[in-house]
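Enquirer: Here you go, one structure.
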Amino acid sequence: MLSDMVDRQTRHDGAEMVELIDASPIPLGKTCQWAPWNGRIRGMKMHVVYNPKADCPRRIEITPATVNDIEIGRRVPIEAGTTYVFDKGYYHFGLWNEIHDAAAFFVTRPKTNTRWRLTKRRFVRKKIGEGFRIIDDADVVLASKGDSRLPIPLRRIRVRRDNAGIITLITNDLERPAVEIAALYKARWQIELLFRWDQAASRHPQVPRQQRQRHPPANPLPP
């Protein structure tokens, strides 16, 4: 089942659009033997496209837990000028190319074994963000044998999180300051909090939805 919950005013007021893409398992337990087993849980999976400005989902799709995140992610309609933020579950060069070809942008994390070749190091004017520091910003190209599958300009931004480790971000946005790109990835916490609230609400239906706003994440950038 696919539902679209679109804030039409937000879509058409000319504002810059950011959408967060993610998925979360829905464990159903041993009593639901009909539910598929994916090696970790027996249940379903909720796939969400989230609008952080409106603080609500735009699209929701429920699938068996065995369905891969990227399979549903590639069904999301790509709109020019929109920035799509997602994690390693959507590591797929085909998706990245589709977003770039549609004149849109993505911010994501690469797999640790992905090899990049630096082509130009960028000067970072502003390094400090809320809960993080930019330690490196550079233009890169894919250095592995499959570089022909990703013939688009890319930036690699390395971020040190306060009280946490270093993460690497990859984007095709060549214009935004690095600190803004890192802040976009940090916004993924909104969808993480949605998943946590939904899981808590399934166990404690009496908990009001507004409570998820009262508990900001301790980690300054999502994993």
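Ordered as shown in the structure tokens, chains take letters A, B, and onward, while each chain numbers its residues from 1 and ligands are numbered from 1 in the order shown.
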Which range 30-88 of chain A residues have any atom within 7 Å of an atom of range 20-25 of chain A, and for each, what is the nearest pair of atoms with distance in Å to one decimal, counting only C-alpha atoms, rows sorted by chain and number, as CSV?
Expert:
```
residue,atom,partner,partner_atom,distance
A:Met44,CA,A:Pro25,CA,6.0
A:Lys45,CA,A:Pro25,CA,4.3
A:Met46,CA,A:Ser24,CA,5.3
A:His47,CA,A:Ala23,CA,4.2
A:Val48,CA,A:Asp22,CA,5.6
A:Val49,CA,A:Ile21,CA,4.7
A:Tyr50,CA,A:Leu20,CA,4.9
A:Asn51,CA,A:Leu20,CA,6.5
A:Ala65,CA,A:Pro25,CA,6.4
A:Asp69,CA,A:Ala23,CA,6.4
A:Tyr84,CA,A:Leu20,CA,5.8
A:Val85,CA,A:Leu20,CA,4.8
A:Phe86,CA,A:Ile21,CA,5.2
```
Enquirer: Counting only C-alpha atoms, what is within 9 Å of range 97-105 of chain A, bar same-chain residues fewer than 3 positions away, as a list in words?
Expert: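 Here the answer would be Arg74, Ile78, Glu79, Ala80, Gly81, Thr82, Thr83, Tyr84, Val85, His92, Phe93, Gly94, Arg149, Leu150, Pro151, Ile152, Thr171, Asn172 and Asp173 of chain A.
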Enquirer: Where does DSSP see strand (DSSP E or B) in range 59-140 of chain A, if you list the residues as a PyMOL selection string?
Expert: chain A and resi 59-64+83-85+105-108+116-121+128-129+132-140
Enquirer: Rounded to one decimal, what separation in Å do you get between CA of Pro110 in chain A and CA of Ile170 in chain A?
Expert: 6.6 Å
Enquirer: Skipping near chain neighbours, those fewer than 3 positions away, what residues fall within 9 Å of Lys126 in chain A using only C-alpha atoms, listed as a ChimeraX atom specification?
Expert: /A:129,134,177-179
Enquirer: Would you save the residues from that selection as a JSON list (two decimals), in the first residue's frame, using all heavy atoms?
Expert:
```json
[["chain", "number", "residue", "atom", "x", "y", "z"],
["A", 129, "GLY", "N", 29.57, 23.46, 12.93],
["A", 129, "GLY", "CA", 28.13, 23.38, 12.90],
["A", 129, "GLY", "C", 27.61, 22.98, 14.26],
["A", 129, "GLY", "O", 28.37, 22.84, 15.22],
["A", 134, "ILE", "N", 33.51, 20.41, 10.39],
["A", 134, "ILE", "CA", 34.00, 19.97, 9.08],
["A", 134, "ILE", "C", 35.52, 19.86, 9.13],
["A", 134, "ILE", "O", 36.20, 20.81, 9.51],
["A", 134, "ILE", "CB", 33.59, 20.95, 7.96],
["A", 134, "ILE", "CG1", 32.08, 21.19, 7.97],
["A", 134, "ILE", "CG2", 34.08, 20.45, 6.60],
["A", 134, "ILE", "CD1", 31.25, 19.96, 7.70],
["A", 177, "PRO", "N", 27.67, 25.32, 1.03],
["A", 177, "PRO", "CA", 28.80, 25.19, 1.95],
["A", 177, "PRO", "C", 28.78, 23.82, 2.61],
["A", 177, "PRO", "O", 27.72, 23.24, 2.84],
["A", 177, "PRO", "CB", 28.56, 26.31, 2.96],
["A", 177, "PRO", "CG", 27.69, 27.30, 2.26],
["A", 177, "PRO", "CD", 26.81, 26.49, 1.35],
["A", 178, "ALA", "N", 29.96, 23.31, 2.94],
["A", 178, "ALA", "CA", 30.06, 21.98, 3.54],
["A", 178, "ALA", "C", 29.27, 21.88, 4.84],
["A", 178, "ALA", "O", 28.66, 20.84, 5.12],
["A", 178, "ALA", "CB", 31.53, 21.64, 3.79],
["A", 179, "VAL", "N", 29.27, 22.95, 5.64],
["A", 179, "VAL", "CA", 28.57, 22.89, 6.91],
["A", 179, "VAL", "C", 27.06, 22.75, 6.70],
["A", 179, "VAL", "O", 26.37, 22.10, 7.51],
["A", 179, "VAL", "CB", 28.90, 24.14, 7.77],
["A", 179, "VAL", "CG1", 28.26, 25.40, 7.22],
["A", 179, "VAL", "CG2", 28.53, 23.92, 9.23]]
```
Enquirer: Write out as a ChimeraX atom specification the set of residues from range 3-201 of chain A that DSSP, computed on the backbone, places in alpha helix (DSSP H).
Expert: /A:8-12,69-73,93-101,178-186,189-201
Enquirer: Would you please work out which residue, of A:Leu95, A:Ala187, A:Leu174, A:Val124, is nearest to Val76 in chain A when using only C-alpha atoms?
Expert: A:Leu95
Enquirer: In terms of the shortest atom-to-atom distance over only C-alpha atoms, which of A:Glu19, A:Asp137, A:Glu71, A:Glu130 is closest to Arg161 in chain A?
Expert: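 Looking only at the distances to Arg161 in chain A, the closest residue turns out to be A:Glu130.
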Enquirer: Using Å and a single decimal, report how far CA of Val18 in chain A sits from CA of Ala143 in chain A.
Expert: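 Atom-to-atom, CA of Ala143 in chain A to CA of Val18 in chain A, that is 28.9 Å.
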Enquirer: To one decimal place, how far is CA of Trp96 in chain A from CA of Phe123 in chain A in Å?
Expert: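 That distance, rounded to one decimal, is 25.2 Å.
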Enquirer: Taking 5 positions as the minimum chain separation for residues in the same chain, which residues sit within 9 Å of Arg121 in chain A when counting only C-alpha atoms? Answer as a ChimeraX atom specification.
Expert: /A:136-140
Enquirer: Convert the current residue selection to file output with C-alpha atoms, as a PDB file, in the first residue's frame.
Expert:
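Just written: selection_12.pdb:
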```pdb
ATOM      1  CA  ASP A 136      37.793  18.106   5.003  1.00  0.00           C
ATOM      2  CA  ASP A 137      35.964  19.067   1.799  1.00  0.00           C
ATOM      3  CA  ALA A 138      37.125  17.870  -1.622  1.00  0.00           C
ATOM      4  CA  ASP A 139      35.986  17.097  -5.147  1.00  0.00           C
ATOM      5  CA  VAL A 140      36.404  13.380  -5.887  1.00  0.00           C
TER       6      VAL A 140
END
```
